[in-house]
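File shown: model17.cif. Contents: mmCIF, C-alpha atoms.
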data_query
#
loop_
_atom_site.label_atom_id
_atom_site.label_comp_id
_atom_site.auth_asym_id
_atom_site.auth_seq_id
_atom_site.Cartn_x
_atom_site.Cartn_y
_atom_site.Cartn_z
CA GLY A 248 -15.42 -3.80 -75.95
CA ASP A 249 -13.15 -5.07 -73.17
CA TYR A 250 -13.62 -7.23 -70.08
CA LYS A 251 -10.66 -7.63 -67.72
CA PHE A 252 -10.87 -9.69 -64.55
CA CYS A 253 -9.18 -12.24 -62.25
CA TYR A 254 -10.11 -15.87 -61.64
CA TRP A 255 -9.22 -17.78 -58.49
CA GLY A 256 -10.22 -21.37 -57.87
CA PRO A 257 -9.26 -24.27 -55.58
CA SER A 258 -8.02 -27.62 -56.83
CA HIS A 259 -10.52 -29.49 -59.05
CA SER A 260 -12.89 -26.53 -59.38
CA LYS A 261 -14.04 -26.11 -62.97
CA THR A 262 -15.94 -24.06 -65.51
CA LEU A 263 -18.28 -26.28 -67.50
CA ARG A 264 -18.46 -26.35 -71.30
CA HIS A 265 -19.27 -22.92 -72.76
CA SER A 266 -18.22 -20.32 -75.30
CA ASP A 267 -17.08 -16.95 -74.00
CA VAL A 268 -19.46 -14.10 -73.28
CA LEU A 269 -20.77 -12.26 -76.36
CA HIS A 270 -18.69 -14.55 -78.60
CA SER A 271 -15.62 -12.54 -77.65
CA PHE A 272 -11.96 -13.41 -78.13
CA SER A 273 -10.07 -14.05 -74.89
CA TRP A 274 -6.76 -14.83 -73.32
CA SER A 275 -6.02 -16.19 -69.85
CA TYR A 276 -2.63 -15.91 -68.10
CA ASN A 277 -1.80 -18.21 -65.18
CA VAL A 278 -0.20 -16.21 -62.38
CA HIS A 279 -0.07 -19.37 -60.28
CA GLY A 280 -1.32 -22.90 -60.69
CA THR A 281 -2.21 -25.36 -63.43
CA LYS A 282 -5.32 -25.61 -65.60
CA LYS A 283 -6.61 -28.27 -67.94
CA TRP A 284 -8.39 -26.85 -70.99
CA THR A 285 -10.63 -29.06 -73.12
CA PHE A 286 -11.62 -27.55 -76.47
CA PHE A 287 -14.46 -28.76 -78.67
CA GLY A 288 -13.93 -28.19 -82.39
CA GLY A 289 -15.21 -29.19 -85.78
CA ARG A 290 -18.40 -28.09 -87.47
CA ASP A 291 -20.58 -29.89 -84.92
CA CYS A 292 -18.11 -29.47 -81.99
CA SER A 293 -17.66 -33.26 -81.84
CA GLN A 294 -13.86 -33.13 -82.01
CA GLN A 295 -11.97 -32.33 -78.83
CA PHE A 296 -8.43 -31.85 -77.59
CA THR A 297 -6.85 -31.03 -74.24
CA VAL A 298 -4.13 -28.54 -73.29
CA ILE A 299 -2.37 -28.25 -69.91
CA GLN A 300 -1.61 -24.65 -68.95
CA LYS A 301 1.07 -24.09 -66.29
CA THR A 302 2.20 -21.10 -64.23
CA GLY A 303 3.52 -18.32 -66.47
CA GLN A 304 1.73 -19.55 -69.58
CA ALA A 305 -1.08 -17.81 -71.49
CA MET A 306 -3.97 -19.37 -73.41
CA PHE A 307 -5.71 -17.71 -76.37
CA VAL A 308 -9.33 -18.68 -77.07
CA PRO A 309 -10.82 -17.76 -80.47
CA CYS A 310 -14.38 -16.44 -80.51
CA THR A 311 -17.18 -19.04 -80.48
CA TRP A 312 -14.79 -21.88 -79.48
CA GLN A 313 -16.49 -24.04 -76.86
CA HIS A 314 -14.30 -25.13 -73.96
CA GLU A 315 -14.28 -26.25 -70.35
CA VAL A 316 -11.56 -25.54 -67.80
CA GLU A 317 -10.48 -27.42 -64.67
CA ASN A 318 -8.04 -26.15 -62.06
CA LEU A 319 -5.68 -29.05 -61.31
CA GLU A 320 -4.44 -27.18 -58.24
CA THR A 321 -5.25 -23.88 -56.55
CA THR A 322 -4.97 -21.42 -59.43
CA LEU A 323 -4.98 -17.65 -59.95
CA SER A 324 -5.26 -16.18 -63.44
CA ILE A 325 -5.82 -12.82 -65.10
CA ASN A 326 -8.13 -12.74 -68.09
CA HIS A 327 -9.13 -10.45 -70.92
CA ASN A 328 -12.12 -10.76 -73.26
CA TRP A 329 -12.49 -8.36 -76.16
CA ILE A 330 -14.53 -7.54 -79.25
CA THR A 331 -12.95 -6.40 -82.53
CA VAL A 332 -13.94 -5.77 -86.13
CA ALA A 333 -13.31 -9.47 -86.75
CA ASN A 334 -16.10 -10.68 -84.46
CA PHE A 335 -18.52 -7.86 -83.68
CA ASP A 336 -21.09 -9.36 -86.06
CA LYS A 337 -21.10 -12.51 -83.90
CA THR A 338 -21.44 -10.32 -80.82
CA PHE A 339 -24.48 -8.63 -82.37
CA ASP A 340 -26.02 -12.03 -83.14
CA CYS A 341 -25.51 -12.99 -79.51
CA LEU A 342 -27.20 -9.76 -78.36
CA LEU A 343 -30.21 -10.47 -80.56
CA VAL A 344 -30.63 -13.98 -79.12
CA GLU A 345 -30.51 -12.60 -75.57
CA LEU A 346 -32.85 -9.76 -76.52
CA ARG A 347 -35.53 -12.13 -77.83
CA GLU A 348 -35.43 -14.07 -74.57
CA ILE A 349 -35.73 -10.86 -72.56
CA HIS A 350 -38.68 -9.69 -74.64
CA GLY A 351 -40.38 -12.99 -73.90
CA GLU A 352 -39.81 -12.51 -70.17
CA LEU A 353 -41.13 -8.96 -70.23
CA GLU A 354 -44.27 -10.00 -72.08
CA GLY A 355 -44.75 -12.76 -69.51
CA TRP A 356 -44.73 -10.07 -66.83
CA GLY A 357 -47.34 -8.08 -68.73
CA ILE A 358 -44.90 -5.51 -70.15
CA CYS A 359 -45.66 -5.55 -73.87
CA GLU A 360 -43.91 -3.69 -76.71
CA SER A 361 -46.55 -0.95 -76.65
CA SER A 362 -45.71 -0.16 -73.00
CA ASP A 363 -43.95 3.16 -72.38
CA ASN A 364 -41.05 1.54 -70.52
CA PHE A 365 -40.62 -1.56 -72.70
CA LEU A 366 -37.46 -0.44 -74.54
CA GLU A 367 -35.89 1.01 -71.40
CA ALA A 368 -36.58 -2.20 -69.49
CA SER A 369 -35.26 -4.47 -72.25
CA GLU A 370 -32.05 -2.43 -72.61
CA SER A 371 -31.50 -2.44 -68.86
CA MET A 372 -32.06 -6.19 -68.59
CA LEU A 373 -29.85 -6.91 -71.60
CA ARG A 374 -26.96 -4.96 -70.12
CA GLY A 375 -27.48 -6.68 -66.78
CA CYS A 376 -27.41 -10.13 -68.41
CA VAL A 377 -24.40 -9.82 -70.72
CA GLY A 378 -22.76 -6.49 -69.87
CA LEU A 379 -23.76 -4.82 -73.15
CA ASN A 380 -26.97 -3.67 -74.78
CA ILE A 381 -28.06 -2.52 -78.25
CA THR A 382 -27.57 1.17 -77.44
CA SER A 383 -24.04 0.70 -76.09
CA PHE A 384 -23.11 -1.58 -78.99
CA PHE A 385 -24.33 0.96 -81.56
CA LEU A 386 -22.56 3.88 -79.86
CA MET A 387 -19.37 1.83 -79.56
CA LEU A 388 -19.40 1.21 -83.32
CA LEU A 389 -20.24 4.83 -84.08
CA TRP A 390 -17.41 6.08 -81.87
CA ARG A 391 -14.92 3.73 -83.55
CA LEU A 392 -16.08 4.72 -87.03
CA SER A 393 -15.77 8.42 -86.19
CA GLN A 394 -12.21 7.84 -84.93
CA LEU A 395 -11.28 5.99 -88.12
CA LEU A 396 -12.74 8.70 -90.35
CA LYS A 397 -11.04 11.40 -88.30
CA SER A 398 -7.65 9.75 -88.79
CA PHE A 399 -8.09 9.10 -92.52
CA ASN A 400 -6.75 12.41 -93.81
CA VAL A 401 -4.12 12.70 -91.08
CA GLU A 402 -2.54 9.26 -91.41
CA GLN A 403 -3.32 7.89 -94.84
CA THR A 404 -0.24 9.43 -96.51
CA ALA A 405 2.05 7.77 -93.96
CA GLU A 406 0.30 4.40 -93.95
CA SER A 407 1.57 1.39 -95.86
CA ASP A 408 -0.75 -0.11 -98.46
CA GLU A 409 -1.47 -3.01 -96.10
CA ALA A 410 -2.34 -0.71 -93.20
CA ALA A 411 -4.54 1.45 -95.42
CA SER A 412 -6.34 -1.64 -96.68
CA GLU A 413 -7.01 -2.83 -93.12
CA HIS A 414 -8.21 0.66 -92.24
CA GLU A 415 -10.69 0.70 -95.12
CA PHE A 416 -11.85 -2.84 -94.35
CA GLU A 417 -12.68 -1.90 -90.77
CA CYS A 418 -14.55 1.22 -91.90
CA CYS A 419 -16.63 -0.77 -94.38
CA ARG A 420 -17.45 -3.51 -91.88
CA ILE A 421 -18.56 -1.04 -89.22
CA SER A 422 -20.50 1.07 -91.71
CA ARG A 423 -22.46 -1.95 -92.97
CA MET A 424 -23.37 -2.97 -89.44
CA ILE A 425 -24.47 0.56 -88.50
CA GLN A 426 -26.64 0.83 -91.61
CA MET A 427 -28.16 -2.59 -90.99
CA MET A 428 -29.08 -1.61 -87.44
CA MET A 429 -30.65 1.67 -88.55
CA ASN A 430 -32.64 -0.06 -91.30
CA ASP A 431 -34.00 -2.78 -89.00
CA ASP A 432 -37.45 -1.50 -87.98
CA GLU A 433 -37.97 -4.33 -85.48
CA LEU A 434 -34.86 -3.25 -83.58
CA GLN A 435 -36.38 0.19 -82.86
CA LEU A 436 -32.89 1.65 -82.61
CA GLU A 437 -33.85 5.32 -82.29
CA GLY A 438 -36.39 4.45 -79.60
CA ARG A 439 -33.71 2.55 -77.66
CA LEU A 440 -31.33 5.50 -77.96
CA GLU A 441 -34.06 7.82 -76.70
CA ALA A 442 -34.80 5.52 -73.76
CA ALA A 443 -31.10 5.38 -72.84
CA THR A 444 -30.36 9.10 -73.20
CA VAL A 445 -33.80 10.28 -72.00
CA SER A 446 -33.67 12.73 -74.91
CA LYS A 447 -35.40 12.53 -78.27
CA GLU A 448 -33.05 15.23 -79.59
CA LEU A 449 -29.90 13.31 -78.65
CA ALA A 450 -31.28 10.10 -80.13
CA SER A 451 -32.12 11.85 -83.42
CA GLU A 452 -28.69 13.47 -83.49
CA ALA A 453 -26.96 10.10 -82.99
CA ILE A 454 -28.89 8.67 -85.94
CA ARG A 455 -28.05 11.72 -88.06
CA VAL A 456 -24.33 11.47 -87.25
CA ALA A 457 -24.36 7.72 -87.97
CA THR A 458 -26.07 8.30 -91.32
CA VAL A 459 -23.49 10.91 -92.32
CA ALA A 460 -20.54 8.82 -91.10
CA ALA A 461 -21.71 5.67 -92.89
CA GLY A 462 -22.31 7.71 -96.03
CA CYS A 463 -18.76 9.06 -95.88
CA VAL A 464 -17.40 5.51 -95.85
CA TRP A 465 -19.30 4.56 -98.99
CA GLU A 466 -18.16 7.74 -100.76
CA GLU A 467 -14.57 7.01 -99.77
CA ASP A 468 -14.89 3.38 -100.84
CA SER A 469 -16.38 4.35 -104.22
CA ALA A 470 -13.58 6.82 -104.83
CA HIS A 471 -11.02 4.02 -104.46
CA ARG A 472 -12.73 1.70 -106.91
#

Would you mind writing the file's structure down as structure tokens?
Amino acid sequence: GDYKFCYWGPSHSKTLRHSDVLHSFSWSYNVHGTKKWTFFGGRDCSQQFTVIQKTGQAMFVPCTWQHEVENLETTLSINHNWITVANFDKTFDCLLVELREIHGELEGWGICESSDNFLEASESMLRGCVGLNITSFFLMLLWRLSQLLKSFNVEQTAESDEAASEHEFECCRISRMIQMMMNDDELQLEGRLEAATVSKELASEAIRVATVAAGCVWEEDSAHR
């Protein structure tokens, strides 16, 4: 998952304390101007430190790190937020929190879980709120897992032990998440896929492919033990 965008702000404009969208990693490069970053660390976020970022400098922000940013002069920056195998579990947690709030709103409007359009409405609202929904997240993971499995036989002989280990780690992490999502009855994953694709057949096929792909990972992992 990638988000790329530009920020422009006049002197003394600021972004208040927050952590980045979907608990993503991010970097910000100052094309022009100066920013003051205040980071809040520690287990309870009570520790803080400040960094001044000048023109031509880049700032990396780890996922979940709370921060606020002030433009000390008119500033233009380019920014990139992304999700990787290292933080997609935190992204999923974030999606679930947003989803619960959306379900509460829908029920307040009289659209209950038994309604025909409940899953379609919740997926649409979730994507509108945070730029990603359960369906897109699941398909993103499935696509990445299929690419990793496809490259296994082609590249594994040329890979170093370290690269192969990282490859297997990513496969296992994604496989576990996919299986967890499919086994979570409350998530209603197949129903969400059907609502998004408007096809029961496509939704069933996506679940079948995910089941086979995740099974291949566990067979591969067992063979290496």

>> Applying the PyMOL selection byres ((chain A and resi 339-343) around 9) to the file I just gave you, which residues come out? Please list them as a PyMOL selection string.
In response: chain A and resi 268-270+334-338+344-348+373+377+379-381+384

Padding of 8 Å on every side, edges along x, y and z, all listed atoms of range 368-384 of chain A included: what centre and edge lengths in Å, to one decimal, does that box have, as AutoDock Vina command-line options?
--center_x -29.7 --center_y -4.5 --center_z -72.9 --size_x 29.8 --size_y 27.3 --size_z 28.2

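If you count all atoms listed in the file and ignore residues fewer than 3 places along the chain from Met427 in chain A, what sits within 12 Å of it is A:Asp336, A:Phe339, A:Phe385, A:Arg420, A:Ile421, A:Ser422, A:Arg423, A:Met424, A:Asn430, A:Asp431, A:Asp432, A:Glu433, A:Leu434, A:Gln435, A:Leu436, A:Ala457, A:Thr458, A:Ala461.
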
> Quick one: residues within 7 Å of Trp274 in chain A, all atoms listed in the file counted, chain neighbours fewer than 4 positions away excluded, as a list in words?
Replying inline: Ala305, Met306, Phe307, Val308, Asn326, His327 and Asn328 of chain A

>> Please compute the CA of Leu366 in chain A-CA of Val445 in chain A distance, one decimal, in Å.
In response: 11.6 Å

> Closest to Phe286 in chain A among A:Gly378, A:Pro309, A:Gly355, A:Gly303, using all atoms listed in the file?
Replying inline: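 Between A:Gly378, A:Pro309, A:Gly355, A:Gly303, the residue approaching Phe286 in chain A most closely is A:Pro309.
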
> Which one is closest to Ser266 in chain A: A:Cys253, A:Ile299, A:Ile358, A:Trp312? Count only C-alpha atoms.
Replying inline: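 Between A:Cys253, A:Ile299, A:Ile358, A:Trp312, the residue approaching Ser266 in chain A most closely is A:Trp312.
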
> Any chance you could work out the residue set of the PyMOL selection byres ((chain A and resi 296) around 7) here, as a list in words?
Replying inline: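 Selected by the PyMOL selection byres ((chain A and resi 296) around 7) in this file: Thr285, Phe286, Phe287, Gln295, Thr297 and Val298 of chain A.
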
Distance table requested - range 283-373 of chain A against range 406-419 of chain A, cut-off 10 Å, only C-alpha atoms: one row per qualifying residue with the closest atom pair and its distance in Å to one decimal, ordered by chain and rising residue number, as CSV.
residue,atom,partner,partner_atom,distance
A:Thr331,CA,A:Glu417,CA,9.4
A:Val332,CA,A:Glu417,CA,6.2
A:Ala333,CA,A:Glu417,CA,8.6

Could you pull range 264-275 of chain A out of the block above and save it with all heavy atoms, as a short mmCIF file (atom, residue, chain, number, x, y, z; two decimals), in the first residue's frame?
data_model
loop_
_atom_site.label_atom_id
_atom_site.label_comp_id
_atom_site.auth_asym_id
_atom_site.auth_seq_id
_atom_site.Cartn_x
_atom_site.Cartn_y
_atom_site.Cartn_z
N ARG A 264 -0.83 16.90 16.81
CA ARG A 264 -0.32 15.58 17.22
C ARG A 264 -1.17 14.44 16.64
O ARG A 264 -2.39 14.44 16.77
CB ARG A 264 -0.30 15.51 18.74
CG ARG A 264 0.24 14.21 19.30
CD ARG A 264 0.40 14.33 20.81
NE ARG A 264 0.74 13.07 21.43
CZ ARG A 264 1.05 12.94 22.73
NH1 ARG A 264 1.06 14.01 23.50
NH2 ARG A 264 1.35 11.76 23.22
N HIS A 265 -0.51 13.47 16.01
CA HIS A 265 -1.19 12.35 15.39
C HIS A 265 -0.18 11.25 15.08
O HIS A 265 1.03 11.45 15.19
CB HIS A 265 -1.85 12.80 14.08
CG HIS A 265 -0.85 13.17 13.02
ND1 HIS A 265 -0.13 14.35 13.06
CD2 HIS A 265 -0.43 12.51 11.91
CE1 HIS A 265 0.68 14.41 12.02
NE2 HIS A 265 0.52 13.30 11.30
N SER A 266 -0.66 10.08 14.74
CA SER A 266 0.18 9.06 14.11
C SER A 266 -0.33 8.90 12.69
O SER A 266 -1.51 9.16 12.41
CB SER A 266 0.11 7.73 14.88
OG SER A 266 -1.21 7.25 14.96
N ASP A 267 0.53 8.46 11.79
CA ASP A 267 0.18 8.48 10.37
C ASP A 267 -0.93 7.49 10.02
O ASP A 267 -1.12 6.48 10.69
CB ASP A 267 1.42 8.23 9.51
CG ASP A 267 2.29 9.47 9.41
OD1 ASP A 267 1.77 10.58 9.58
OD2 ASP A 267 3.50 9.33 9.17
N VAL A 268 -1.61 7.80 8.94
CA VAL A 268 -2.78 7.05 8.49
C VAL A 268 -2.48 5.55 8.41
O VAL A 268 -1.41 5.15 7.92
CB VAL A 268 -3.27 7.58 7.13
CG1 VAL A 268 -2.17 7.45 6.06
CG2 VAL A 268 -4.53 6.87 6.68
N LEU A 269 -3.37 4.75 8.94
CA LEU A 269 -3.28 3.29 8.88
C LEU A 269 -2.01 2.75 9.53
O LEU A 269 -1.53 1.67 9.18
CB LEU A 269 -3.38 2.80 7.43
CG LEU A 269 -4.74 3.01 6.76
CD1 LEU A 269 -4.65 2.70 5.27
CD2 LEU A 269 -5.81 2.14 7.42
N HIS A 270 -1.44 3.51 10.46
CA HIS A 270 -0.19 3.11 11.12
C HIS A 270 0.90 2.77 10.10
O HIS A 270 1.65 1.79 10.25
CB HIS A 270 -0.43 1.92 12.04
CG HIS A 270 -1.31 2.24 13.22
ND1 HIS A 270 -1.31 3.46 13.83
CD2 HIS A 270 -2.21 1.48 13.88
CE1 HIS A 270 -2.18 3.45 14.83
NE2 HIS A 270 -2.75 2.28 14.88
N SER A 271 0.97 3.59 9.07
CA SER A 271 1.97 3.37 8.00
C SER A 271 3.33 3.95 8.39
O SER A 271 3.44 4.77 9.31
CB SER A 271 1.49 4.03 6.71
OG SER A 271 1.23 5.42 6.93
N PHE A 272 4.37 3.49 7.70
CA PHE A 272 5.67 4.16 7.73
C PHE A 272 5.57 5.38 6.82
O PHE A 272 4.71 5.43 5.92
CB PHE A 272 6.77 3.24 7.21
CG PHE A 272 7.08 2.06 8.07
CD1 PHE A 272 6.64 0.79 7.70
CD2 PHE A 272 7.81 2.19 9.23
CE1 PHE A 272 6.94 -0.32 8.48
CE2 PHE A 272 8.11 1.10 10.03
CZ PHE A 272 7.68 -0.16 9.65
N SER A 273 6.45 6.37 7.00
CA SER A 273 6.43 7.51 6.09
C SER A 273 7.78 8.20 6.04
O SER A 273 8.60 8.08 6.96
CB SER A 273 5.35 8.52 6.51
OG SER A 273 5.69 9.18 7.72
N TRP A 274 7.99 8.90 4.94
CA TRP A 274 9.10 9.85 4.89
C TRP A 274 8.56 11.15 4.28
O TRP A 274 7.58 11.15 3.55
CB TRP A 274 10.31 9.33 4.11
CG TRP A 274 10.11 8.89 2.69
CD1 TRP A 274 10.08 7.62 2.21
CD2 TRP A 274 9.98 9.74 1.52
NE1 TRP A 274 9.90 7.60 0.86
CE2 TRP A 274 9.85 8.89 0.40
CE3 TRP A 274 9.95 11.12 1.33
CZ2 TRP A 274 9.68 9.37 -0.90
CZ3 TRP A 274 9.78 11.61 0.03
CH2 TRP A 274 9.66 10.74 -1.06
N SER A 275 9.23 12.24 4.61
CA SER A 275 8.85 13.56 4.11
C SER A 275 10.12 14.31 3.70
O SER A 275 11.05 14.44 4.50
CB SER A 275 8.10 14.34 5.19
OG SER A 275 7.79 15.64 4.75
#
